[in-house]
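Shown here: data-v1.cif, mmCIF, C-alpha atoms and all ligand atoms.
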```cif
data_protein
loop_
_atom_site.label_atom_id
_atom_site.label_comp_id
_atom_site.auth_asym_id
_atom_site.auth_seq_id
_atom_site.Cartn_x
_atom_site.Cartn_y
_atom_site.Cartn_z
CA MET A 332 0.00 0.00 0.00
CA GLY A 333 1.46 3.35 -1.13
CA ASN A 334 3.01 5.23 1.75
CA PHE A 335 2.83 9.04 1.72
CA GLN A 336 4.83 9.75 4.88
CA GLY A 337 7.04 12.76 4.11
CA LYS A 338 5.20 13.43 0.84
CA ARG A 339 3.37 16.63 0.04
CA GLY A 340 1.17 17.80 -2.73
CA LEU A 341 -1.49 20.03 -4.15
CA ILE A 342 -5.12 19.08 -4.72
CA LEU A 343 -7.24 21.16 -7.10
CA GLY A 344 -10.98 20.52 -7.25
CA VAL A 345 -12.46 19.89 -3.80
CA ALA A 346 -15.87 21.60 -3.88
CA ASN A 347 -17.62 19.66 -1.11
CA GLU A 348 -17.63 16.31 0.70
CA ARG A 349 -18.93 14.54 -2.42
CA SER A 350 -16.03 15.67 -4.62
CA ILE A 351 -13.82 12.96 -6.03
CA ALA A 352 -10.87 15.17 -5.03
CA TRP A 353 -12.10 15.08 -1.42
CA GLY A 354 -12.06 11.28 -1.44
CA ILE A 355 -8.51 11.39 -2.77
CA ALA A 356 -7.50 13.98 -0.16
CA GLN A 357 -8.82 11.81 2.67
CA GLU A 358 -7.01 8.73 1.34
CA LEU A 359 -3.67 10.50 0.89
CA HIS A 360 -3.98 12.17 4.29
CA ALA A 361 -4.68 8.81 5.92
CA ARG A 362 -1.48 7.50 4.33
CA GLY A 363 0.55 10.37 5.76
CA ALA A 364 0.59 13.04 3.03
CA GLU A 365 0.81 16.76 3.71
CA LEU A 366 -1.75 18.60 1.55
CA ALA A 367 -2.58 21.98 0.07
CA PHE A 368 -5.93 22.84 -1.51
CA THR A 369 -7.22 25.36 -4.01
CA TYR A 370 -10.71 26.82 -4.41
CA VAL A 371 -12.24 28.60 -7.38
CA ASN A 372 -14.28 31.24 -5.53
CA GLU A 373 -15.49 32.38 -2.11
CA ALA A 374 -18.54 30.10 -2.08
CA ILE A 375 -16.32 27.04 -2.57
CA GLU A 376 -13.81 28.38 -0.06
CA LYS A 377 -16.59 28.46 2.55
CA ARG A 378 -17.40 24.79 1.94
CA LEU A 379 -13.76 23.78 1.76
CA ARG A 380 -12.62 25.42 5.01
CA PRO A 381 -14.30 22.96 7.42
CA LEU A 382 -13.22 20.00 5.28
CA ALA A 383 -9.62 21.21 5.22
CA ALA A 384 -9.78 21.71 8.99
CA GLU A 385 -10.84 18.06 9.40
CA LEU A 386 -7.50 17.04 7.91
CA GLY A 387 -5.56 19.82 9.62
CA VAL A 388 -4.78 21.44 6.26
CA THR A 389 -4.01 25.15 6.51
CA ARG A 390 -2.57 25.73 3.05
CA MET A 391 -5.52 26.90 0.94
CA TYR A 392 -5.20 29.13 -2.09
CA PRO A 393 -7.63 30.79 -4.51
CA CYS A 394 -7.25 29.57 -8.07
CA ASP A 395 -9.57 30.02 -11.01
CA VAL A 396 -7.77 27.96 -13.65
CA GLN A 397 -9.07 30.28 -16.36
CA LYS A 398 -6.86 33.04 -14.97
CA ASP A 399 -3.14 32.96 -15.68
CA SER A 400 -2.64 35.45 -12.84
CA ASP A 401 -4.22 32.97 -10.37
CA LEU A 402 -2.04 30.11 -11.63
CA ASP A 403 1.07 32.31 -11.37
CA ALA A 404 0.15 33.42 -7.85
CA LEU A 405 -0.49 29.80 -6.84
CA LYS A 406 2.96 28.83 -8.06
CA VAL A 407 4.52 31.67 -6.04
CA SER A 408 2.58 30.76 -2.89
CA ILE A 409 3.46 27.07 -3.08
CA SER A 410 7.13 27.79 -3.91
CA GLN A 411 7.38 29.94 -0.80
CA GLU A 412 6.19 27.01 1.33
CA TRP A 413 7.75 24.00 -0.37
CA ASP A 414 10.97 23.51 -2.34
CA GLY A 415 9.47 20.56 -4.17
CA ILE A 416 6.16 18.70 -4.46
CA ASP A 417 5.44 15.00 -4.77
CA PHE A 418 2.03 15.16 -6.39
CA VAL A 419 -0.64 17.29 -8.02
CA VAL A 420 -4.26 16.15 -8.30
CA HIS A 421 -6.23 17.87 -11.08
CA ALA A 422 -9.95 17.22 -10.55
CA ILE A 423 -11.50 20.12 -12.43
CA ALA A 424 -14.08 20.35 -15.18
CA TYR A 425 -16.79 22.73 -16.24
CA ALA A 426 -19.18 23.29 -19.14
CA GLU A 427 -22.31 25.38 -19.49
CA LYS A 428 -25.52 23.35 -19.27
CA GLU A 429 -26.63 24.78 -22.61
CA ASP A 430 -23.68 23.17 -24.36
CA MET A 431 -24.39 19.80 -22.74
CA THR A 432 -28.07 19.73 -23.66
CA CYS A 433 -27.98 21.00 -27.24
CA LYS A 434 -27.20 19.07 -30.40
CA ILE A 435 -23.43 18.73 -30.86
CA ARG A 436 -23.70 20.73 -34.06
CA ASP A 437 -25.25 23.58 -32.09
CA ILE A 438 -22.50 23.89 -29.45
CA ARG A 439 -21.54 27.54 -29.26
CA ARG A 440 -17.97 28.59 -29.91
CA SER A 441 -17.87 30.31 -26.52
CA GLY A 442 -19.19 27.18 -24.75
CA PHE A 443 -16.66 24.99 -26.54
CA GLN A 444 -13.81 27.31 -25.58
CA LEU A 445 -14.97 27.49 -21.96
CA ALA A 446 -15.27 23.71 -21.57
CA LEU A 447 -11.91 23.06 -23.21
CA ASP A 448 -10.20 25.83 -21.27
CA VAL A 449 -11.39 24.79 -17.80
CA SER A 450 -11.44 21.03 -18.33
CA ALA A 451 -8.41 20.40 -20.56
CA TYR A 452 -6.07 23.38 -20.93
CA SER A 453 -6.03 23.80 -17.17
CA LEU A 454 -4.00 20.59 -16.81
CA ILE A 455 -1.35 22.04 -19.12
CA GLY A 456 -1.45 25.37 -17.29
CA VAL A 457 -0.99 23.65 -13.93
CA CYS A 458 1.79 21.34 -15.14
CA GLY A 459 3.63 24.34 -16.61
CA ARG A 460 3.56 26.16 -13.29
CA PHE A 461 4.62 23.14 -11.21
CA ALA A 462 7.04 21.34 -13.55
CA GLU A 463 10.14 22.39 -11.64
CA LEU A 464 8.74 21.71 -8.18
CA LEU A 465 7.52 18.30 -9.35
CA ALA A 466 10.88 17.52 -10.97
CA ALA A 467 12.64 18.35 -7.69
CA ARG A 468 10.92 15.34 -6.12
CA LYS A 469 10.24 13.21 -9.20
CA GLY A 470 6.58 13.78 -8.55
CA ALA A 471 3.39 12.56 -10.14
CA VAL A 472 0.33 14.27 -11.61
CA LEU A 473 -3.12 12.72 -11.74
CA SER A 474 -6.19 13.95 -13.60
CA LEU A 475 -9.78 12.65 -13.83
CA THR A 476 -11.55 11.75 -17.03
CA TYR A 477 -14.58 9.82 -18.25
CA LEU A 478 -15.50 7.26 -20.91
CA GLY A 479 -17.35 9.99 -22.81
CA ALA A 480 -13.92 11.02 -24.14
CA GLU A 481 -13.71 7.88 -26.27
CA ARG A 482 -17.31 6.85 -26.87
CA VAL A 483 -20.47 8.75 -27.47
CA VAL A 484 -22.28 9.05 -24.16
CA PRO A 485 -25.53 10.89 -24.85
CA HIS A 486 -25.78 14.17 -22.88
CA TYR A 487 -22.06 14.30 -22.12
CA ASN A 488 -21.64 16.37 -25.29
CA VAL A 489 -19.05 19.13 -25.16
CA MET A 490 -17.53 17.61 -22.04
CA GLY A 491 -16.71 14.45 -24.00
CA ILE A 492 -14.81 16.55 -26.50
CA ALA A 493 -13.01 18.35 -23.67
CA LYS A 494 -12.11 15.05 -22.00
CA ALA A 495 -10.68 13.75 -25.28
CA ALA A 496 -8.40 16.81 -25.31
CA LEU A 497 -7.57 16.19 -21.65
CA GLU A 498 -6.60 12.56 -22.30
CA ALA A 499 -4.36 13.54 -25.22
CA SER A 500 -2.83 16.21 -22.98
CA VAL A 501 -2.05 13.55 -20.36
CA ARG A 502 -0.06 11.57 -22.94
CA TYR A 503 1.80 14.59 -24.33
CA LEU A 504 2.57 15.93 -20.86
CA ALA A 505 3.76 12.47 -19.77
CA TYR A 506 6.20 12.46 -22.70
CA ASP A 507 7.27 16.02 -22.03
CA MET A 508 7.75 15.77 -18.28
CA GLY A 509 9.09 12.21 -18.29
CA GLU A 510 12.54 13.59 -19.04
CA GLN A 511 12.58 15.07 -15.53
CA GLY A 512 11.19 11.90 -14.01
CA VAL A 513 7.70 13.36 -13.56
CA ARG A 514 4.76 11.03 -14.28
CA VAL A 515 1.34 12.09 -15.59
CA ASN A 516 -1.67 9.75 -15.53
CA ALA A 517 -5.45 9.92 -15.43
CA ILE A 518 -8.22 7.82 -13.98
CA SER A 519 -11.31 7.32 -16.11
CA ALA A 520 -13.91 7.01 -13.38
CA GLY A 521 -17.38 5.57 -13.59
CA PRO A 522 -20.23 7.99 -12.79
CA ILE A 523 -20.41 9.25 -9.19
CA LYS A 524 -23.01 11.67 -7.84
CA THR A 525 -21.14 14.95 -7.34
CA LEU A 526 -21.73 18.66 -7.93
CA ALA A 527 -20.18 18.50 -11.42
CA ALA A 528 -22.22 15.39 -12.26
CA SER A 529 -25.43 17.20 -11.32
CA GLY A 530 -24.88 19.33 -14.44
CA ILE A 531 -25.11 16.27 -16.70
CA PRO A 532 -28.65 15.78 -18.00
CA HIS A 533 -30.25 12.41 -17.10
CA PHE A 534 -27.35 11.56 -14.77
CA LYS A 535 -29.59 9.37 -12.59
CA ASP A 536 -30.48 7.19 -15.60
CA MET A 537 -26.78 6.94 -16.36
CA LEU A 538 -26.09 5.67 -12.81
CA ASN A 539 -28.88 3.10 -12.96
CA ALA A 540 -27.89 1.75 -16.38
CA PHE A 541 -24.28 1.63 -15.23
CA ALA A 542 -25.01 -0.44 -12.12
CA GLU A 543 -27.06 -2.87 -14.20
CA LYS A 544 -24.45 -3.40 -16.92
CA ALA A 545 -21.06 -3.09 -15.24
CA PRO A 546 -19.37 -6.46 -14.57
CA LEU A 547 -19.24 -5.69 -10.85
CA ARG A 548 -23.00 -4.83 -10.99
CA ARG A 549 -22.52 -1.65 -9.00
CA THR A 550 -21.46 1.96 -9.38
CA VAL A 551 -18.05 3.09 -8.21
CA THR A 552 -17.44 5.14 -5.07
CA GLN A 553 -15.20 8.03 -4.10
CA GLU A 554 -13.16 5.47 -2.15
CA ASP A 555 -12.67 3.22 -5.20
CA VAL A 556 -11.24 6.15 -7.13
CA ALA A 557 -9.20 7.41 -4.17
CA LYS A 558 -7.44 4.08 -3.65
CA ALA A 559 -6.52 3.88 -7.34
CA ALA A 560 -5.38 7.51 -7.18
CA ALA A 561 -3.07 6.67 -4.29
CA PHE A 562 -1.52 3.96 -6.47
CA PHE A 563 -0.85 6.36 -9.36
CA LEU A 564 0.57 9.03 -7.06
CA SER A 565 2.73 6.71 -4.97
CA ASP A 566 6.00 4.88 -5.52
CA ASP A 567 3.94 1.76 -6.26
CA SER A 568 3.53 3.02 -9.83
CA LEU A 569 7.01 4.43 -10.54
CA GLY A 570 7.11 2.77 -13.97
CA VAL A 571 3.69 4.01 -15.07
CA THR A 572 3.07 7.21 -17.01
CA GLY A 573 0.77 8.48 -19.75
CA GLU A 574 -1.90 5.97 -18.73
CA ILE A 575 -5.64 6.50 -18.75
CA SER A 576 -6.83 3.84 -16.35
CA TYR A 577 -10.45 2.82 -15.82
CA VAL A 578 -11.90 2.72 -12.33
CA ASP A 579 -15.40 1.92 -13.51
CA ALA A 580 -16.43 -1.49 -12.15
CA GLY A 581 -15.48 -2.82 -15.59
CA PHE A 582 -18.21 -0.96 -17.48
CA ASN A 583 -15.93 -0.10 -20.41
CA ILE A 584 -15.41 -3.74 -21.41
CA VAL A 585 -19.09 -4.44 -22.01
CA GLY A 586 -20.36 -4.39 -25.59
CA PHE A 587 -24.07 -5.05 -25.73
P1 LIG B 1 -16.93 18.42 -8.28
O1 LIG B 1 -17.99 19.37 -8.71
O2 LIG B 1 -16.87 18.05 -6.88
O3 LIG B 1 -15.49 18.93 -8.76
C1 LIG B 1 -15.30 19.78 -9.87
C2 LIG B 1 -14.37 20.88 -9.42
O4 LIG B 1 -14.02 21.72 -10.52
C3 LIG B 1 -15.02 21.78 -8.36
O5 LIG B 1 -14.21 21.81 -7.21
C4 LIG B 1 -15.05 23.14 -9.02
O6 LIG B 1 -14.88 24.20 -8.10
C5 LIG B 1 -13.85 23.02 -9.96
N1 LIG B 1 -13.83 24.06 -10.98
C6 LIG B 1 -14.77 24.33 -11.92
N2 LIG B 1 -14.38 25.40 -12.65
C7 LIG B 1 -13.18 25.79 -12.16
C8 LIG B 1 -12.28 26.84 -12.49
N3 LIG B 1 -12.52 27.72 -13.48
N4 LIG B 1 -11.13 26.95 -11.77
C9 LIG B 1 -10.86 26.09 -10.76
N5 LIG B 1 -11.68 25.08 -10.40
C10 LIG B 1 -12.83 24.95 -11.10
O7 LIG B 1 -17.18 17.12 -9.21
P2 LIG B 1 -16.31 15.78 -9.43
O8 LIG B 1 -17.26 14.85 -10.08
O9 LIG B 1 -15.60 15.40 -8.20
O10 LIG B 1 -15.29 16.24 -10.55
C11 LIG B 1 -13.88 16.10 -10.43
C12 LIG B 1 -13.31 15.58 -11.75
O11 LIG B 1 -13.74 14.23 -11.92
C13 LIG B 1 -13.79 16.34 -12.99
O12 LIG B 1 -12.72 16.46 -13.90
C14 LIG B 1 -14.85 15.42 -13.55
O13 LIG B 1 -15.06 15.59 -14.94
C15 LIG B 1 -14.20 14.08 -13.25
N6 LIG B 1 -15.09 12.93 -13.33
C16 LIG B 1 -16.24 12.90 -12.63
C17 LIG B 1 -17.09 11.81 -12.72
C18 LIG B 1 -18.40 11.76 -11.98
O14 LIG B 1 -19.27 10.97 -12.35
N7 LIG B 1 -18.59 12.55 -10.95
C19 LIG B 1 -16.73 10.71 -13.54
C20 LIG B 1 -15.52 10.75 -14.24
C21 LIG B 1 -14.71 11.87 -14.13
#
```

Write out the structure in this file as structure tokens.
Amino acid sequence: MGNFQGKRGLILGVANERSIAWGIAQELHARGAELAFTYVNEAIEKRLRPLAAELGVTRMYPCDVQKDSDLDALKVSISQEWDGIDFVVHAIAYAEKEDMTCKIRDIRRSGFQLALDVSAYSLIGVCGRFAELLAARKGAVLSLTYLGAERVVPHYNVMGIAKAALEASVRYLAYDMGEQGVRVNAISAGPIKTLAASGIPHFKDMLNAFAEKAPLRRTVTQEDVAKAAAFFLSDDSLGVTGEISYVDAGFNIVGF
């Protein structure tokens, strides 16, 4: 079991106790990691504060990934605290409801740009800022994706396109940062009821169909994803990079 004693890292994307990033934070904390969190705005900060306090985390920074100035400031803040980081968790995605409910051919340019910027470019923006700190400790980066990147999942729409860009970014970043010993992977998680998921039309139907068809005949949990995340971020996976790994109760293998 991956040990995180003496390891420290940054987690982007905890919005509340249902967040996948929160599950990962709890798991890494339990294994001994020292954590820092970011929040996108004041409303999220309010929800995050008590959660962070539960884990004794005091390092919390504002960061809207659409703003270069926020990413730059985050880099400065973290560099002042730590001379290297062992891991970064990127658990961020956003698209306007309108661009998830319309026909693909009707997706607006602005909605496309927004979804791609927040959900895909942000990984590149974050890796750029933290490349040196990660290299200092031969760290690992982990992002979160979904099957809708590879297959048509009705109602996932523009987010599927953004996740395809995210998955390609994982591979290119893994190649790029591998030279410095930094690994970049992603988990393709099965559907979990979270704030972000509530924006996906007919999400409940998706959950029900999933539990019926997945080989394990159940949905996946925050804990399932968190344990796999700990593997990808720990020394247990030192030879693994550029992987998109399913944590989906086997759903992806089923044809009809
Ligand atoms: P969540 O709503 O808890 O997390 C999404 C996070 O993105 C929130 O913390 C939100 O504040 C943050 N965010 C949105 N716009 C931002 C911006 N401009 N700057 C900074 N942060 C911003 O939902 P979640 O389901 O835990 O999502 C985490 C990741 O997991 C996402 O990438 C999501 O696509 C992915 N994922 C989720 C599921 C699922 O079914 N829930 C399945 C597969 C993958």

Handout entry: Neighbour list for Gly459 of chain A as an MDAnalysis selection string, cut-off 12 Å, all atoms listed in the file, skip fewer than 3 positions in-chain
Key = chainID A and resid 399 402:403 405:406 419 452:456 462:466 472 504 507:508

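Contact shell of segment 447-449 of chain A at 10 Å (only C-alpha atoms; same-chain neighbours under 4 positions omitted): Asp395, Val396, Gln397, Lys398, Ile423, Ala424, Tyr425, Ala426, Ser441, Gly442, Phe443, Ser453, Leu454, Ile455, Gly456, Val489, Met490, Gly491, Ile492, Ala493, Lys494, Ala495, Ala496 and Leu497 of chain A.
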
Practice task
Find the distance between atom CA of Phe587 of chain A and atom CA of Lys544 of chain A and write it in Å to one decimal.
Solution key: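 Spanning atom CA of Phe587 of chain A to atom CA of Lys544 of chain A is a straight-line distance of 9.0 Å.
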
Practice task
Could you check which of A:Ile518, A:Ser565, A:Gln444, A:Lys524 is closest to Gly337 of chain A, using all atoms listed in the file?
Solution key: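 Closest to Gly337 of chain A, using all atoms listed in the file: A:Ser565.
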
Please extract the residues at most 8 Å from ligand LIG 1 (chain B), counting all atoms listed in the file, and provide them as a short mmCIF file (atom, residue, chain, number, x, y, z; two decimals) with C-alpha atoms, in the frame of the given file, using the chain letters and residue numbers of this document.
```cif
data_model
loop_
_atom_site.label_atom_id
_atom_site.label_comp_id
_atom_site.auth_asym_id
_atom_site.auth_seq_id
_atom_site.Cartn_x
_atom_site.Cartn_y
_atom_site.Cartn_z
CA LEU A 343 -7.24 21.16 -7.10
CA GLY A 344 -10.98 20.52 -7.25
CA VAL A 345 -12.46 19.89 -3.80
CA ALA A 346 -15.87 21.60 -3.88
CA ASN A 347 -17.62 19.66 -1.11
CA GLU A 348 -17.63 16.31 0.70
CA ARG A 349 -18.93 14.54 -2.42
CA SER A 350 -16.03 15.67 -4.62
CA ILE A 351 -13.82 12.96 -6.03
CA ALA A 352 -10.87 15.17 -5.03
CA TRP A 353 -12.10 15.08 -1.42
CA THR A 369 -7.22 25.36 -4.01
CA TYR A 370 -10.71 26.82 -4.41
CA VAL A 371 -12.24 28.60 -7.38
CA ASN A 372 -14.28 31.24 -5.53
CA ILE A 375 -16.32 27.04 -2.57
CA CYS A 394 -7.25 29.57 -8.07
CA ASP A 395 -9.57 30.02 -11.01
CA VAL A 396 -7.77 27.96 -13.65
CA GLN A 397 -9.07 30.28 -16.36
CA LYS A 398 -6.86 33.04 -14.97
CA HIS A 421 -6.23 17.87 -11.08
CA ALA A 422 -9.95 17.22 -10.55
CA ILE A 423 -11.50 20.12 -12.43
CA ALA A 424 -14.08 20.35 -15.18
CA TYR A 425 -16.79 22.73 -16.24
CA VAL A 449 -11.39 24.79 -17.80
CA SER A 450 -11.44 21.03 -18.33
CA SER A 474 -6.19 13.95 -13.60
CA LEU A 475 -9.78 12.65 -13.83
CA THR A 476 -11.55 11.75 -17.03
CA TYR A 477 -14.58 9.82 -18.25
CA LEU A 478 -15.50 7.26 -20.91
CA MET A 490 -17.53 17.61 -22.04
CA LYS A 494 -12.11 15.05 -22.00
CA ILE A 518 -8.22 7.82 -13.98
CA SER A 519 -11.31 7.32 -16.11
CA ALA A 520 -13.91 7.01 -13.38
CA GLY A 521 -17.38 5.57 -13.59
CA PRO A 522 -20.23 7.99 -12.79
CA ILE A 523 -20.41 9.25 -9.19
CA LYS A 524 -23.01 11.67 -7.84
CA THR A 525 -21.14 14.95 -7.34
CA LEU A 526 -21.73 18.66 -7.93
CA ALA A 527 -20.18 18.50 -11.42
CA ALA A 528 -22.22 15.39 -12.26
#
```

Problem - Pick from A:Arg468, A:Arg439, A:Cys458, A:His533, whichever lies nearest to Pro485 of chain A using only C-alpha atoms - result: A:His533

Problem - For atom CA of Gly581 of chain A and atom CA of Pro546 of chain A, the interatomic separation in Å (one decimal) - result: 5.4 Å

Practice task
Would you please work out which residue, of A:Ile531, A:Ala545, A:Val513, A:Val457, is nearest to Ala404 of chain A when using only C-alpha atoms?
Solution key: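 That would be A:Val457, the residue with the smallest distance to Ala404 of chain A.
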
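With all atoms listed in the file as the atoms that count, the residue of A:Phe541, A:Leu359, A:Gly570, A:Thr552 with the shortest distance to Phe582 of chain A is A:Phe541.
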
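Atom to atom, atom CA of Asn516 of chain A and atom CA of Phe563 of chain A stand 7.1 Å apart.
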
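Among the candidates A:Arg378, A:Arg460, A:Arg514, A:Arg390, the residue lying nearest to Leu564 of chain A is A:Arg514 (atoms considered: all atoms listed in the file).
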
Exercise for the section: Using all atoms listed in the file, find the one residue out of A:Val556, A:Ala364, A:Met431, A:Leu386 that sits nearest to Ser529 of chain A. Expected result: A:Met431

Quick one: axis-aligned box around all listed atoms of segment 446-458 of chain A, 8 Å on every side, centre and edge lengths in Å to one decimal, written as lines of an AutoDock Vina configuration file.
```
center_x = -6.7
center_y = 23.1
center_z = -18.6
size_x = 33.1
size_y = 21.4
size_z = 25.3
```

Would you pick out the contacts of Leu366 of chain A at 8 Å or less, using all atoms listed in the file, so that residues sharing its chain but fewer than 3 positions from it are not included, and give the list as a PDB file with C-alpha atoms, in the frame of the given file?
```
ATOM      1  CA  ARG A 339       3.370  16.630   0.040  1.00  0.00           C
ATOM      2  CA  GLY A 340       1.170  17.800  -2.730  1.00  0.00           C
ATOM      3  CA  LEU A 341      -1.490  20.030  -4.150  1.00  0.00           C
ATOM      4  CA  ILE A 342      -5.120  19.080  -4.720  1.00  0.00           C
ATOM      5  CA  ALA A 356      -7.500  13.980  -0.160  1.00  0.00           C
ATOM      6  CA  HIS A 360      -3.980  12.170   4.290  1.00  0.00           C
ATOM      7  CA  VAL A 388      -4.780  21.440   6.260  1.00  0.00           C
ATOM      8  CA  ARG A 390      -2.570  25.730   3.050  1.00  0.00           C
TER       9      ARG A 390
END
```

Rebuild segment 362-385 of chain A so that it carries N, CA and C atoms, then output the result as a short mmCIF file (atom, residue, chain, number, x, y, z; two decimals), keeping the file's coordinate frame.
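Result saved to rebuild21.cif:
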```cif
data_model
loop_
_atom_site.label_atom_id
_atom_site.label_comp_id
_atom_site.auth_asym_id
_atom_site.auth_seq_id
_atom_site.Cartn_x
_atom_site.Cartn_y
_atom_site.Cartn_z
N ARG A 362 -2.76 8.19 4.57
CA ARG A 362 -1.48 7.50 4.33
C ARG A 362 -0.28 8.37 4.68
N GLY A 363 -0.55 9.55 5.23
CA GLY A 363 0.55 10.37 5.76
C GLY A 363 0.93 11.59 4.95
N ALA A 364 0.19 11.91 3.89
CA ALA A 364 0.59 13.04 3.03
C ALA A 364 0.25 14.38 3.68
N GLU A 365 1.07 15.37 3.33
CA GLU A 365 0.81 16.76 3.71
C GLU A 365 0.16 17.42 2.49
N LEU A 366 -0.96 18.13 2.69
CA LEU A 366 -1.75 18.60 1.55
C LEU A 366 -1.89 20.12 1.50
N ALA A 367 -2.13 20.60 0.28
CA ALA A 367 -2.58 21.98 0.07
C ALA A 367 -3.76 21.92 -0.88
N PHE A 368 -4.72 22.82 -0.68
CA PHE A 368 -5.93 22.84 -1.51
C PHE A 368 -6.06 24.16 -2.25
N THR A 369 -6.82 24.11 -3.36
CA THR A 369 -7.22 25.36 -4.01
C THR A 369 -8.74 25.42 -4.06
N TYR A 370 -9.27 26.62 -4.24
CA TYR A 370 -10.71 26.82 -4.41
C TYR A 370 -10.91 27.88 -5.48
N VAL A 371 -12.03 27.73 -6.22
CA VAL A 371 -12.24 28.60 -7.38
C VAL A 371 -12.84 29.95 -6.99
N ASN A 372 -13.65 29.97 -5.93
CA ASN A 372 -14.28 31.24 -5.53
C ASN A 372 -14.63 31.19 -4.05
N GLU A 373 -15.22 32.28 -3.56
CA GLU A 373 -15.49 32.38 -2.11
C GLU A 373 -16.51 31.35 -1.63
N ALA A 374 -17.50 31.07 -2.48
CA ALA A 374 -18.54 30.10 -2.08
C ALA A 374 -17.89 28.73 -1.84
N ILE A 375 -17.00 28.34 -2.73
CA ILE A 375 -16.32 27.04 -2.57
C ILE A 375 -15.36 27.10 -1.38
N GLU A 376 -14.73 28.25 -1.21
CA GLU A 376 -13.81 28.38 -0.06
C GLU A 376 -14.55 28.11 1.25
N LYS A 377 -15.78 28.64 1.34
CA LYS A 377 -16.59 28.46 2.55
C LYS A 377 -16.85 26.98 2.83
N ARG A 378 -17.12 26.23 1.76
CA ARG A 378 -17.40 24.79 1.94
C ARG A 378 -16.12 24.02 2.22
N LEU A 379 -15.03 24.50 1.63
CA LEU A 379 -13.76 23.78 1.76
C LEU A 379 -13.13 23.93 3.15
N ARG A 380 -13.30 25.14 3.73
CA ARG A 380 -12.62 25.42 5.01
C ARG A 380 -12.84 24.35 6.08
N PRO A 381 -14.10 23.99 6.38
CA PRO A 381 -14.30 22.96 7.42
C PRO A 381 -13.74 21.60 7.02
N LEU A 382 -13.78 21.29 5.73
CA LEU A 382 -13.22 20.00 5.28
C LEU A 382 -11.70 20.00 5.48
N ALA A 383 -11.07 21.10 5.07
CA ALA A 383 -9.62 21.21 5.22
C ALA A 383 -9.25 21.10 6.70
N ALA A 384 -10.06 21.73 7.55
CA ALA A 384 -9.78 21.71 8.99
C ALA A 384 -9.83 20.27 9.52
N GLU A 385 -10.74 19.48 8.98
CA GLU A 385 -10.84 18.06 9.40
C GLU A 385 -9.51 17.34 9.23
#
```
